[in-house]
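Trainee: Here it is, the structure, as structure tokens.
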Amino acid sequence: MLLVAVFLFLVITVAITAFGYFHYVKPTRMLDQLASTTSDAIPGLVSERQGQGEFSLAELLSPIGDLLPISPQDSAVTKSDLIAAGFRSATAVAAYYGCKIILAGMLVLLVLVVRNHVDNPILRTFSPVMGGGIGYCLPAFLLGRLVARRHEQIRLSLPDVLDLLVICTEAGCGLDQAIVNVSRELKHVHPAVSEELSFVNMEIMAGKNRADALRNFAERTGEEEVKKLVAILIQTDRFGTSVAEALRTQSEFLRLRRRQEAEERAGKVGVKLVFPIFFFCLPSLLVVTAGPGFLQVFHNLANLGH
């Protein structure tokens, strides 16, 4: 049992360290570097030499992930998912697979330690395989949740982005300068979409065509509403129509859709509450209200028997 306690302590320590690194240390490094840049219009700029000489969890996991043979197709799909979740490091794919290997090995060791206390021989035999499979699949599940959360953040921030783009374009700014202003103004309110817009601006500054930069924006995020917005911007730029009017119409559509989704979720609450009420609240109410009556009936029946 002492070995199990030590193992659980190490697992919790690694989890807390990883959480603190990705949610506190890494954003702090990015903000420190942004403070030293000469332009506030590219808040997502990250140097390739960032983090040298410092502890990095990705650098620790990437050599382990390189040991796993990965097909180019799987690597490309994983890279796109990591980019959609906000991880753009060159070692992100290797670190991801290294995390899968580490978690699989840790769960296998944990199962091997505790399986002697299991009486079922079948479960005792297949538990290491189950533990390794769960540990190997857990990062993919967490990555999917991170991608879905980032998609939701970007989708909910699009109406504000469109409103600011309308204000900037109606004030006389071009679309490129409007994107710069929006990415700068929303970096604290909506950091996810601000970071993506900063990458769009960097690609345009590097000489890439605006349409191609916008298409890359849609491909990086993978959000359907972003793809619609990019299609609208490309069409207005191609045919020379009013950008402000198109953005205002799209903003109104997004707000209406968000309101409809909220009403839909509110309408589903009653149905979703049926099962918790039936299985958890109703038995408690029956015990509290009818419990004393049942006890009295049983007591009277017991007295009649004597």
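In the structure tokens, each chain is lettered A, B, ... as it comes, each chain's residues begin at 1, and ligands are numbered from 1 in order of appearance.
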Write out as a VMD selection string the residues lying within 9 Å of Leu143 in chain A, counting only C-alpha atoms and excluding same-chain residues fewer than 5 positions away.
Mentor: chain A and resid 81 to 82 85 138 148
Trainee: Nearest to Ala104 in chain A: which of A:Ala76, A:Ala262, A:Cys137, A:Leu229 is it, counting only C-alpha atoms?
Mentor: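 That would be A:Cys137, the residue with the smallest distance to Ala104 in chain A.
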Trainee: Could you check which of A:Met205, A:Leu273, A:Ile167, A:Ile83 is closest to Arg220 in chain A, using only C-alpha atoms?
Mentor: A:Ile83
Trainee: Might you pull out every residue within 10 Å of Cys99 in chain A, with only C-alpha atoms counted and same-chain residues fewer than 4 positions away left off, and present them as a PyMOL selection string?
Mentor: chain A and resi 57-58+60-62+64-65+93-95+103-105+135-136+138-139
Trainee: Write out, as a PDB file, in the first residue's frame, the residues just selected, with N, CA and C atoms.
Mentor:
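Listed below is the output, result07.pdb:
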```
ATOM      1  N   LEU A  57       7.915  20.921 -20.398  1.00  0.00           N
ATOM      2  CA  LEU A  57       7.318  19.593 -20.374  1.00  0.00           C
ATOM      3  C   LEU A  57       7.315  18.974 -21.765  1.00  0.00           C
ATOM      4  N   ALA A  58       7.132  19.797 -22.805  1.00  0.00           N
ATOM      5  CA  ALA A  58       7.159  19.271 -24.169  1.00  0.00           C
ATOM      6  C   ALA A  58       8.531  18.721 -24.523  1.00  0.00           C
ATOM      7  N   LEU A  60      10.561  17.442 -22.464  1.00  0.00           N
ATOM      8  CA  LEU A  60      10.744  16.220 -21.691  1.00  0.00           C
ATOM      9  C   LEU A  60      10.011  15.050 -22.321  1.00  0.00           C
ATOM     10  N   LEU A  61       8.838  15.304 -22.926  1.00  0.00           N
ATOM     11  CA  LEU A  61       8.027  14.227 -23.485  1.00  0.00           C
ATOM     12  C   LEU A  61       8.339  13.920 -24.937  1.00  0.00           C
ATOM     13  N   SER A  62       8.858  14.886 -25.678  1.00  0.00           N
ATOM     14  CA  SER A  62       9.077  14.676 -27.111  1.00  0.00           C
ATOM     15  C   SER A  62      10.066  13.562 -27.421  1.00  0.00           C
ATOM     16  N   ILE A  64      10.433  10.818 -25.844  1.00  0.00           N
ATOM     17  CA  ILE A  64       9.685   9.582 -25.647  1.00  0.00           C
ATOM     18  C   ILE A  64       8.704   9.368 -26.784  1.00  0.00           C
ATOM     19  N   GLY A  65       8.061  10.439 -27.235  1.00  0.00           N
ATOM     20  CA  GLY A  65       7.120  10.317 -28.339  1.00  0.00           C
ATOM     21  C   GLY A  65       7.788   9.963 -29.651  1.00  0.00           C
ATOM     22  N   VAL A  93       3.545  17.424 -31.500  1.00  0.00           N
ATOM     23  CA  VAL A  93       3.093  16.083 -31.879  1.00  0.00           C
ATOM     24  C   VAL A  93       3.865  15.024 -31.112  1.00  0.00           C
ATOM     25  N   ALA A  94       5.202  15.172 -31.068  1.00  0.00           N
ATOM     26  CA  ALA A  94       6.013  14.206 -30.328  1.00  0.00           C
ATOM     27  C   ALA A  94       5.682  14.221 -28.844  1.00  0.00           C
ATOM     28  N   ALA A  95       5.443  15.418 -28.288  1.00  0.00           N
ATOM     29  CA  ALA A  95       5.082  15.500 -26.867  1.00  0.00           C
ATOM     30  C   ALA A  95       3.720  14.863 -26.614  1.00  0.00           C
ATOM     31  N   LEU A 103       1.347   7.929 -19.910  1.00  0.00           N
ATOM     32  CA  LEU A 103       0.104   7.604 -19.208  1.00  0.00           C
ATOM     33  C   LEU A 103      -0.223   6.124 -19.309  1.00  0.00           C
ATOM     34  N   ALA A 104       0.015   5.537 -20.480  1.00  0.00           N
ATOM     35  CA  ALA A 104      -0.240   4.101 -20.634  1.00  0.00           C
ATOM     36  C   ALA A 104       0.665   3.290 -19.702  1.00  0.00           C
ATOM     37  N   GLY A 105       1.954   3.645 -19.646  1.00  0.00           N
ATOM     38  CA  GLY A 105       2.861   2.925 -18.762  1.00  0.00           C
ATOM     39  C   GLY A 105       2.525   3.112 -17.293  1.00  0.00           C
ATOM     40  N   GLY A 135      -4.986   4.531 -20.649  1.00  0.00           N
ATOM     41  CA  GLY A 135      -3.938   5.548 -20.582  1.00  0.00           C
ATOM     42  C   GLY A 135      -3.523   6.050 -21.950  1.00  0.00           C
ATOM     43  N   TYR A 136      -3.545   5.171 -22.955  1.00  0.00           N
ATOM     44  CA  TYR A 136      -3.148   5.586 -24.297  1.00  0.00           C
ATOM     45  C   TYR A 136      -4.237   6.435 -24.968  1.00  0.00           C
ATOM     46  N   LEU A 138      -6.580   8.269 -23.289  1.00  0.00           N
ATOM     47  CA  LEU A 138      -6.993   9.424 -22.487  1.00  0.00           C
ATOM     48  C   LEU A 138      -6.522  10.751 -23.074  1.00  0.00           C
ATOM     49  N   PRO A 139      -5.252  10.899 -23.551  1.00  0.00           N
ATOM     50  CA  PRO A 139      -4.869  12.184 -24.153  1.00  0.00           C
ATOM     51  C   PRO A 139      -5.703  12.563 -25.365  1.00  0.00           C
TER      52      PRO A 139
END
```
Trainee: Separation of CA of Met130 in chain A and CA of Leu142 in chain A, in Å?
Mentor: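 According to the coordinates, CA of Met130 in chain A and CA of Leu142 in chain A are separated by 18.0 Å.
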Trainee: Do you have the CA of Gly132 in chain A-CA of Gly144 in chain A distance handy?
Mentor: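 Answer for the CA of Gly132 in chain A to CA of Gly144 in chain A separation: 19.4 Å.
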Trainee: Measure the distance from CA of Val161 in chain A to CA of Asn181 in chain A in Å and round it to one decimal.
Mentor: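 Going from CA of Val161 in chain A over to CA of Asn181 in chain A covers 10.2 Å.
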